[in-house]
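Encoded as structure tokens, the structure appears first; notes follow it.
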Amino acid sequence: MSTPPQMRRADKVMSHTQTLETLQRGYCGRLATIGEDGYPYCVPLLYVWLNGEVCLHNAKVRGHLRTNVDHESRVCFEVDEPGEVFPYGRFECDTSVAFRSVILFGKIRVVDETEAKQQFFEALMQKYAKTDWERPKGFFTRLDQITLYAITVERMTGKETPLPDVSEQWFSVDRTKTPNARQESIRPTIHLKPAK
């Protein structure tokens, strides 16, 4: 695995506990794989954190994802929680968004055992199903029609920008990054034509 650069904004780093909590409650994650042609492929998937691994699934039919996984086991997985957009200074570019995100790198593998698929779907339904759905619990008739993947985590980081209190946002406090800028010194907006 490549050596990561130091996280540029150390003030945004979440603790390991916060990172795991964010990962566990995330709604949808994005899995990035690499194909034989060197191109990345990123797909959104529901997932669960189970037995210290990220587990996810798709159809048993071999498609883009499975082809890439068979080619290269190294993957990247991302989850985020967007928050409110807020102003922190007097110019439009002095705008940010509250968020939490987790990025992990690891190795993915196909899990074929029926018991593991059963455990995965029980955890998936516990995470995503509504409690008032009146259906038989733990009964999954198509376990042989899915591919289950598990990602063994090699490196994981979490980052956040909390929403500042209103008293710390613009108009109350001006935290512009360019305090000496004047509107007359700013170039006019240039409207680009879309490519044909």
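To be explicit about the labels: the chains of the structure tokens are called A, B, and onward in the order shown, and within each one the residues are counted from 1, while ligands get numbers from 1 in the order they are shown.
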
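Residues in contact with segment 153-159 of chain A at up to 6 Å, not including ones fewer than 4 positions away on its chain and judged by only C-alpha atoms, are A:Lys12, A:Val13, A:Met14, A:Thr19, A:Arg100, A:Ser101, A:Val102, A:Ile103, A:Leu104, A:Phe105, A:Gly106.
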
Would you save the residues of that selection, restricted to N, CA and C atoms, as a PDB file, in the first residue's frame?
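result_15.pdb was written with the following content:
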```
ATOM      1  N   LYS A  12      -9.237  18.319  11.848  1.00  0.00           N
ATOM      2  CA  LYS A  12     -10.469  17.669  11.393  1.00  0.00           C
ATOM      3  C   LYS A  12     -10.481  16.165  11.655  1.00  0.00           C
ATOM      4  N   VAL A  13      -9.388  15.607  12.140  1.00  0.00           N
ATOM      5  CA  VAL A  13      -9.281  14.160  12.333  1.00  0.00           C
ATOM      6  C   VAL A  13     -10.217  13.694  13.445  1.00  0.00           C
ATOM      7  N   MET A  14     -10.989  12.656  13.162  1.00  0.00           N
ATOM      8  CA  MET A  14     -11.856  12.061  14.177  1.00  0.00           C
ATOM      9  C   MET A  14     -11.083  10.972  14.924  1.00  0.00           C
ATOM     10  N   THR A  19     -14.721   7.432  14.300  1.00  0.00           N
ATOM     11  CA  THR A  19     -14.621   6.909  12.942  1.00  0.00           C
ATOM     12  C   THR A  19     -15.435   5.625  12.811  1.00  0.00           C
ATOM     13  N   ARG A 100     -19.065  14.565   8.137  1.00  0.00           N
ATOM     14  CA  ARG A 100     -18.192  13.517   8.661  1.00  0.00           C
ATOM     15  C   ARG A 100     -17.936  12.570   7.507  1.00  0.00           C
ATOM     16  N   SER A 101     -16.731  12.047   7.414  1.00  0.00           N
ATOM     17  CA  SER A 101     -16.442  11.064   6.375  1.00  0.00           C
ATOM     18  C   SER A 101     -15.422  10.061   6.881  1.00  0.00           C
ATOM     19  N   VAL A 102     -15.528   8.861   6.319  1.00  0.00           N
ATOM     20  CA  VAL A 102     -14.591   7.784   6.625  1.00  0.00           C
ATOM     21  C   VAL A 102     -14.087   7.246   5.297  1.00  0.00           C
ATOM     22  N   ILE A 103     -12.788   7.081   5.198  1.00  0.00           N
ATOM     23  CA  ILE A 103     -12.179   6.454   4.029  1.00  0.00           C
ATOM     24  C   ILE A 103     -11.323   5.309   4.532  1.00  0.00           C
ATOM     25  N   LEU A 104     -11.506   4.157   3.913  1.00  0.00           N
ATOM     26  CA  LEU A 104     -10.665   3.032   4.295  1.00  0.00           C
ATOM     27  C   LEU A 104     -10.097   2.357   3.062  1.00  0.00           C
ATOM     28  N   PHE A 105      -8.939   1.767   3.254  1.00  0.00           N
ATOM     29  CA  PHE A 105      -8.257   1.001   2.224  1.00  0.00           C
ATOM     30  C   PHE A 105      -8.109  -0.417   2.739  1.00  0.00           C
ATOM     31  N   GLY A 106      -8.228  -1.373   1.851  1.00  0.00           N
ATOM     32  CA  GLY A 106      -8.083  -2.756   2.278  1.00  0.00           C
ATOM     33  C   GLY A 106      -8.122  -3.705   1.110  1.00  0.00           C
TER      34      GLY A 106
END
```

Do you know which residues are at most 7 Å from segment 46-53 of chain A counting only C-alpha atoms, after dropping those on the same chain fewer than 2 positions away, and could you put them as an MDAnalysis selection string? chainID A and resid 24 27:29 55:56 123:124 150:153

DSSP on the backbone: what in chain A comes out helix (DSSP H, G or I), as JSON, numbers by chain? {"A": [10, 11, 12, 16, 17, 18, 19, 20, 21, 22, 23, 24, 25, 64, 65, 66, 67, 68, 69, 70, 71, 114, 115, 116, 117, 118, 119, 120, 121, 122, 123, 124, 125, 126, 127, 128, 143, 144, 145, 166, 167, 168, 183, 184, 185]}

Got a sec: who's within 12 Å of Gln118 of chain A, counting only C-alpha atoms, leaving out chain neighbours fewer than 5 positions off, as an mmCIF file with all heavy atoms, in the first residue's frame?
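Listing of part_4.cif after writing:
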```cif
data_model
loop_
_atom_site.group_PDB
_atom_site.id
_atom_site.type_symbol
_atom_site.label_atom_id
_atom_site.label_comp_id
_atom_site.auth_asym_id
_atom_site.auth_seq_id
_atom_site.Cartn_x
_atom_site.Cartn_y
_atom_site.Cartn_z
ATOM 1 N N VAL A 111 -16.949 -14.061 -0.374
ATOM 2 C CA VAL A 111 -17.278 -14.986 0.709
ATOM 3 C C VAL A 111 -18.379 -15.916 0.220
ATOM 4 O O VAL A 111 -19.470 -15.461 -0.124
ATOM 5 C CB VAL A 111 -17.743 -14.221 1.969
ATOM 6 C CG1 VAL A 111 -18.088 -15.187 3.093
ATOM 7 C CG2 VAL A 111 -16.689 -13.216 2.415
ATOM 8 N N ASP A 112 -18.099 -17.207 0.156
ATOM 9 C CA ASP A 112 -19.043 -18.173 -0.410
ATOM 10 C C ASP A 112 -19.877 -18.920 0.622
ATOM 11 O O ASP A 112 -20.900 -19.510 0.274
ATOM 12 C CB ASP A 112 -18.283 -19.212 -1.256
ATOM 13 C CG ASP A 112 -17.745 -18.599 -2.539
ATOM 14 O OD1 ASP A 112 -18.468 -17.796 -3.163
ATOM 15 O OD2 ASP A 112 -16.600 -18.920 -2.907
ATOM 16 N N GLU A 113 -19.474 -18.930 1.890
ATOM 17 C CA GLU A 113 -20.139 -19.756 2.895
ATOM 18 C C GLU A 113 -21.571 -19.274 3.144
ATOM 19 O O GLU A 113 -21.816 -18.092 3.392
ATOM 20 C CB GLU A 113 -19.370 -19.745 4.223
ATOM 21 C CG GLU A 113 -17.999 -20.378 4.155
ATOM 22 C CD GLU A 113 -16.949 -19.441 3.568
ATOM 23 O OE1 GLU A 113 -17.192 -18.225 3.498
ATOM 24 O OE2 GLU A 113 -15.883 -19.942 3.165
ATOM 25 N N ALA A 123 -27.737 -9.052 9.658
ATOM 26 C CA ALA A 123 -27.186 -7.752 10.070
ATOM 27 C C ALA A 123 -27.689 -6.636 9.151
ATOM 28 O O ALA A 123 -27.994 -5.527 9.612
ATOM 29 C CB ALA A 123 -25.661 -7.806 10.054
ATOM 30 N N LEU A 124 -27.798 -6.919 7.853
ATOM 31 C CA LEU A 124 -28.288 -5.921 6.898
ATOM 32 C C LEU A 124 -29.730 -5.519 7.214
ATOM 33 O O LEU A 124 -30.070 -4.340 7.230
ATOM 34 C CB LEU A 124 -28.183 -6.480 5.477
ATOM 35 C CG LEU A 124 -28.354 -5.487 4.337
ATOM 36 C CD1 LEU A 124 -27.127 -4.593 4.206
ATOM 37 C CD2 LEU A 124 -28.601 -6.216 3.025
ATOM 38 N N MET A 125 -30.571 -6.503 7.511
ATOM 39 C CA MET A 125 -31.974 -6.208 7.836
ATOM 40 C C MET A 125 -32.086 -5.505 9.177
ATOM 41 O O MET A 125 -32.925 -4.627 9.356
ATOM 42 C CB MET A 125 -32.806 -7.494 7.823
ATOM 43 C CG MET A 125 -33.031 -8.065 6.440
ATOM 44 S SD MET A 125 -33.927 -6.932 5.329
ATOM 45 C CE MET A 125 -32.592 -6.237 4.369
ATOM 46 N N LYS A 137 -38.590 -13.369 10.085
ATOM 47 C CA LYS A 137 -37.218 -12.902 10.337
ATOM 48 C C LYS A 137 -36.218 -14.018 10.050
ATOM 49 O O LYS A 137 -36.481 -15.184 10.325
ATOM 50 C CB LYS A 137 -37.053 -12.444 11.792
ATOM 51 C CG LYS A 137 -38.008 -11.350 12.206
ATOM 52 C CD LYS A 137 -37.622 -10.020 11.641
ATOM 53 C CE LYS A 137 -38.526 -8.940 12.193
ATOM 54 N NZ LYS A 137 -38.828 -7.906 11.247
ATOM 55 N N GLY A 138 -35.075 -13.639 9.505
ATOM 56 C CA GLY A 138 -33.989 -14.587 9.296
ATOM 57 C C GLY A 138 -34.228 -15.615 8.207
ATOM 58 O O GLY A 138 -33.531 -16.622 8.156
ATOM 59 N N PHE A 139 -35.196 -15.366 7.331
ATOM 60 C CA PHE A 139 -35.512 -16.320 6.267
ATOM 61 C C PHE A 139 -35.171 -15.675 4.926
ATOM 62 O O PHE A 139 -35.881 -14.799 4.443
ATOM 63 C CB PHE A 139 -36.996 -16.690 6.338
ATOM 64 C CG PHE A 139 -37.408 -17.722 5.325
ATOM 65 C CD1 PHE A 139 -36.847 -18.991 5.338
ATOM 66 C CD2 PHE A 139 -38.350 -17.417 4.363
ATOM 67 C CE1 PHE A 139 -37.234 -19.945 4.402
ATOM 68 C CE2 PHE A 139 -38.741 -18.354 3.428
ATOM 69 C CZ PHE A 139 -38.186 -19.618 3.443
ATOM 70 N N PHE A 140 -34.074 -16.112 4.326
ATOM 71 C CA PHE A 140 -33.578 -15.523 3.081
ATOM 72 C C PHE A 140 -33.495 -16.630 2.034
ATOM 73 O O PHE A 140 -32.641 -17.518 2.114
ATOM 74 C CB PHE A 140 -32.214 -14.876 3.305
ATOM 75 C CG PHE A 140 -32.221 -13.872 4.426
ATOM 76 C CD1 PHE A 140 -31.677 -14.177 5.660
ATOM 77 C CD2 PHE A 140 -32.815 -12.638 4.253
ATOM 78 C CE1 PHE A 140 -31.704 -13.266 6.699
ATOM 79 C CE2 PHE A 140 -32.858 -11.722 5.291
ATOM 80 C CZ PHE A 140 -32.303 -12.029 6.518
ATOM 81 N N THR A 141 -34.381 -16.585 1.077
ATOM 82 C CA THR A 141 -34.548 -17.693 0.124
ATOM 83 C C THR A 141 -33.571 -17.669 -1.042
ATOM 84 O O THR A 141 -33.475 -18.657 -1.763
ATOM 85 C CB THR A 141 -35.975 -17.682 -0.437
ATOM 86 O OG1 THR A 141 -36.199 -16.432 -1.118
ATOM 87 C CG2 THR A 141 -36.993 -17.854 0.672
ATOM 88 N N ARG A 142 -32.846 -16.571 -1.224
ATOM 89 C CA ARG A 142 -32.005 -16.459 -2.425
ATOM 90 C C ARG A 142 -30.522 -16.245 -2.099
ATOM 91 O O ARG A 142 -29.821 -15.538 -2.815
ATOM 92 C CB ARG A 142 -32.530 -15.336 -3.316
ATOM 93 C CG ARG A 142 -33.931 -15.626 -3.831
ATOM 94 C CD ARG A 142 -34.423 -14.594 -4.835
ATOM 95 N NE ARG A 142 -34.470 -13.247 -4.326
ATOM 96 C CZ ARG A 142 -35.471 -12.733 -3.605
ATOM 97 N NH1 ARG A 142 -36.510 -13.484 -3.308
ATOM 98 N NH2 ARG A 142 -35.447 -11.495 -3.194
ATOM 99 N N LEU A 143 -30.036 -16.845 -1.053
ATOM 100 C CA LEU A 143 -28.636 -16.685 -0.678
ATOM 101 C C LEU A 143 -27.687 -17.156 -1.778
ATOM 102 O O LEU A 143 -26.585 -16.631 -1.922
ATOM 103 C CB LEU A 143 -28.328 -17.435 0.616
ATOM 104 C CG LEU A 143 -29.010 -16.917 1.876
ATOM 105 C CD1 LEU A 143 -28.624 -17.774 3.073
ATOM 106 C CD2 LEU A 143 -28.683 -15.457 2.129
ATOM 107 N N ASP A 144 -28.131 -18.125 -2.570
ATOM 108 C CA ASP A 144 -27.274 -18.640 -3.642
ATOM 109 C C ASP A 144 -27.271 -17.741 -4.877
ATOM 110 O O ASP A 144 -26.551 -17.997 -5.833
ATOM 111 C CB ASP A 144 -27.703 -20.063 -4.023
ATOM 112 C CG ASP A 144 -29.144 -20.118 -4.533
ATOM 113 O OD1 ASP A 144 -29.929 -19.196 -4.221
ATOM 114 O OD2 ASP A 144 -29.481 -21.089 -5.237
ATOM 115 N N ILE A 146 -26.636 -14.365 -4.749
ATOM 116 C CA ILE A 146 -25.878 -13.133 -4.495
ATOM 117 C C ILE A 146 -24.396 -13.442 -4.352
ATOM 118 O O ILE A 146 -24.002 -14.581 -4.099
ATOM 119 C CB ILE A 146 -26.387 -12.383 -3.237
ATOM 120 C CG1 ILE A 146 -26.174 -13.217 -1.955
ATOM 121 C CG2 ILE A 146 -27.850 -12.022 -3.378
ATOM 122 C CD1 ILE A 146 -25.023 -12.773 -1.120
ATOM 123 N N LEU A 148 -21.382 -12.210 -1.957
ATOM 124 C CA LEU A 148 -21.052 -11.496 -0.726
ATOM 125 C C LEU A 148 -19.569 -11.154 -0.756
ATOM 126 O O LEU A 148 -18.742 -12.004 -1.088
ATOM 127 C CB LEU A 148 -21.366 -12.364 0.495
ATOM 128 C CG LEU A 148 -20.969 -11.796 1.863
ATOM 129 C CD1 LEU A 148 -21.715 -10.498 2.157
ATOM 130 C CD2 LEU A 148 -21.235 -12.833 2.949
#
```

Could you build a table of the residues in segment 82-140 of chain A lying no more than 12 Å from segment 63-67 of chain A, giving for each the nearest pair of atoms and their separation in Å rounded to one decimal place, using only C-alpha atoms, ordered by chain and ascending residue number, as CSV?
```
residue,atom,partner,partner_atom,distance
A:Ile108,CA,A:Arg66,CA,10.5
A:Arg109,CA,A:Arg66,CA,10.0
A:Val110,CA,A:Arg66,CA,8.9
```

Any chance you could export the current selection's all heavy atoms as a PDB file, in the first residue's frame?
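As written to disk, result-v4.pdb reads:
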```
ATOM      1  N   ILE A 108     -10.325  -6.853  -0.660  1.00  0.00           N
ATOM      2  CA  ILE A 108     -11.671  -7.416  -0.765  1.00  0.00           C
ATOM      3  C   ILE A 108     -11.588  -8.873  -1.201  1.00  0.00           C
ATOM      4  O   ILE A 108     -10.691  -9.254  -1.937  1.00  0.00           O
ATOM      5  CB  ILE A 108     -12.525  -6.577  -1.747  1.00  0.00           C
ATOM      6  CG1 ILE A 108     -14.006  -6.919  -1.632  1.00  0.00           C
ATOM      7  CG2 ILE A 108     -12.019  -6.724  -3.186  1.00  0.00           C
ATOM      8  CD1 ILE A 108     -14.913  -5.939  -2.347  1.00  0.00           C
ATOM      9  N   ARG A 109     -12.536  -9.655  -0.706  1.00  0.00           N
ATOM     10  CA  ARG A 109     -12.597 -11.054  -1.114  1.00  0.00           C
ATOM     11  C   ARG A 109     -14.059 -11.474  -1.231  1.00  0.00           C
ATOM     12  O   ARG A 109     -14.943 -10.875  -0.612  1.00  0.00           O
ATOM     13  CB  ARG A 109     -11.858 -11.946  -0.122  1.00  0.00           C
ATOM     14  CG  ARG A 109     -12.529 -12.089   1.204  1.00  0.00           C
ATOM     15  CD  ARG A 109     -11.721 -12.944   2.190  1.00  0.00           C
ATOM     16  NE  ARG A 109     -12.484 -13.217   3.393  1.00  0.00           N
ATOM     17  CZ  ARG A 109     -12.761 -12.342   4.339  1.00  0.00           C
ATOM     18  NH1 ARG A 109     -12.322 -11.090   4.237  1.00  0.00           N
ATOM     19  NH2 ARG A 109     -13.466 -12.684   5.398  1.00  0.00           N
ATOM     20  N   VAL A 110     -14.282 -12.515  -2.005  1.00  0.00           N
ATOM     21  CA  VAL A 110     -15.612 -13.101  -2.141  1.00  0.00           C
ATOM     22  C   VAL A 110     -15.785 -14.113  -1.010  1.00  0.00           C
ATOM     23  O   VAL A 110     -14.876 -14.897  -0.718  1.00  0.00           O
ATOM     24  CB  VAL A 110     -15.759 -13.792  -3.514  1.00  0.00           C
ATOM     25  CG1 VAL A 110     -17.077 -14.540  -3.613  1.00  0.00           C
ATOM     26  CG2 VAL A 110     -15.636 -12.762  -4.633  1.00  0.00           C
TER      27      VAL A 110
END
```

Run DSSP on the backbone and grab whatever in segment 16-95 of chain A lands in strand (DSSP E or B); send it over as a PDB file with C-alpha atoms, in the first residue's frame.
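See out.pdb below for the written result:
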```
ATOM      1  CA  GLY A  29     -20.906   3.517   1.010  1.00  0.00           C
ATOM      2  CA  ARG A  30     -18.957   3.915  -2.206  1.00  0.00           C
ATOM      3  CA  LEU A  31     -16.642   1.096  -3.221  1.00  0.00           C
ATOM      4  CA  ALA A  32     -13.803   1.868  -5.642  1.00  0.00           C
ATOM      5  CA  THR A  33     -12.066  -0.916  -7.552  1.00  0.00           C
ATOM      6  CA  ILE A  34      -9.536  -1.002 -10.399  1.00  0.00           C
ATOM      7  CA  PRO A  40     -11.208   3.062 -11.428  1.00  0.00           C
ATOM      8  CA  TYR A  41     -14.823   2.003 -10.962  1.00  0.00           C
ATOM      9  CA  CYS A  42     -16.853   3.399  -8.076  1.00  0.00           C
ATOM     10  CA  VAL A  43     -20.266   2.053  -7.093  1.00  0.00           C
ATOM     11  CA  PRO A  44     -22.638   2.944  -4.215  1.00  0.00           C
ATOM     12  CA  LEU A  45     -23.712  -0.021  -2.079  1.00  0.00           C
ATOM     13  CA  TYR A  47     -23.194  -2.372   3.663  1.00  0.00           C
ATOM     14  CA  VAL A  48     -22.677  -3.485   7.243  1.00  0.00           C
ATOM     15  CA  TRP A  49     -19.701  -3.422   9.579  1.00  0.00           C
ATOM     16  CA  LEU A  50     -19.551  -7.049  10.673  1.00  0.00           C
ATOM     17  CA  GLU A  53     -14.886  -5.993   8.207  1.00  0.00           C
ATOM     18  CA  VAL A  54     -17.027  -4.082   5.739  1.00  0.00           C
ATOM     19  CA  CYS A  55     -19.475  -6.535   4.154  1.00  0.00           C
ATOM     20  CA  LEU A  56     -21.561  -5.813   1.070  1.00  0.00           C
ATOM     21  CA  HIS A  57     -23.238  -7.678  -1.751  1.00  0.00           C
ATOM     22  CA  ASN A  58     -24.570  -7.593  -5.270  1.00  0.00           C
ATOM     23  CA  ALA A  59     -25.982 -10.074  -7.796  1.00  0.00           C
ATOM     24  CA  ARG A  74      -7.025  -3.717  -3.316  1.00  0.00           C
ATOM     25  CA  VAL A  75      -9.985  -1.377  -2.845  1.00  0.00           C
ATOM     26  CA  CYS A  76     -11.009   1.927  -1.314  1.00  0.00           C
ATOM     27  CA  PHE A  77     -14.335   2.413   0.502  1.00  0.00           C
ATOM     28  CA  GLU A  78     -15.898   5.738   1.507  1.00  0.00           C
ATOM     29  CA  VAL A  79     -18.851   6.771   3.681  1.00  0.00           C
ATOM     30  CA  ASP A  80     -19.971  10.307   4.456  1.00  0.00           C
ATOM     31  CA  GLU A  81     -22.592  12.193   6.450  1.00  0.00           C
ATOM     32  CA  PRO A  82     -23.295  15.606   4.924  1.00  0.00           C
ATOM     33  CA  GLY A  83     -24.526  18.353   7.200  1.00  0.00           C
ATOM     34  CA  GLU A  84     -25.577  21.957   6.758  1.00  0.00           C
ATOM     35  CA  VAL A  85     -23.890  24.439   4.445  1.00  0.00           C
ATOM     36  CA  PHE A  86     -22.858  27.525   6.421  1.00  0.00           C
ATOM     37  CA  PRO A  87     -21.181  30.903   5.821  1.00  0.00           C
ATOM     38  CA  THR A  95     -18.767  29.001   2.686  1.00  0.00           C
TER      39      THR A  95
END
```

Hey, what's within 12 Å of Val173 of chain A if we count only C-alpha atoms and toss same-chain stuff fewer than 3 positions away? As a list in words, please? Pro87, Tyr88, Gly89, Arg90, Asp94, Pro164, Asp165, Val166, Ser167, Glu168, Gln169, Trp170 and Thr176 of chain A

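The space between atom CA of Gln183 of chain A and atom CA of Phe91 of chain A spans 9.2 Å.
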
Atom pair atom CA of Glu92 of chain A / atom CA of Thr178 of chain A: separation (Å): 11.4 Å

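Counting only C-alpha atoms and comparing A:Leu23, A:Ala181, A:Ala116, A:Val97, the residue that lies closest to Thr147 of chain A is A:Ala116.
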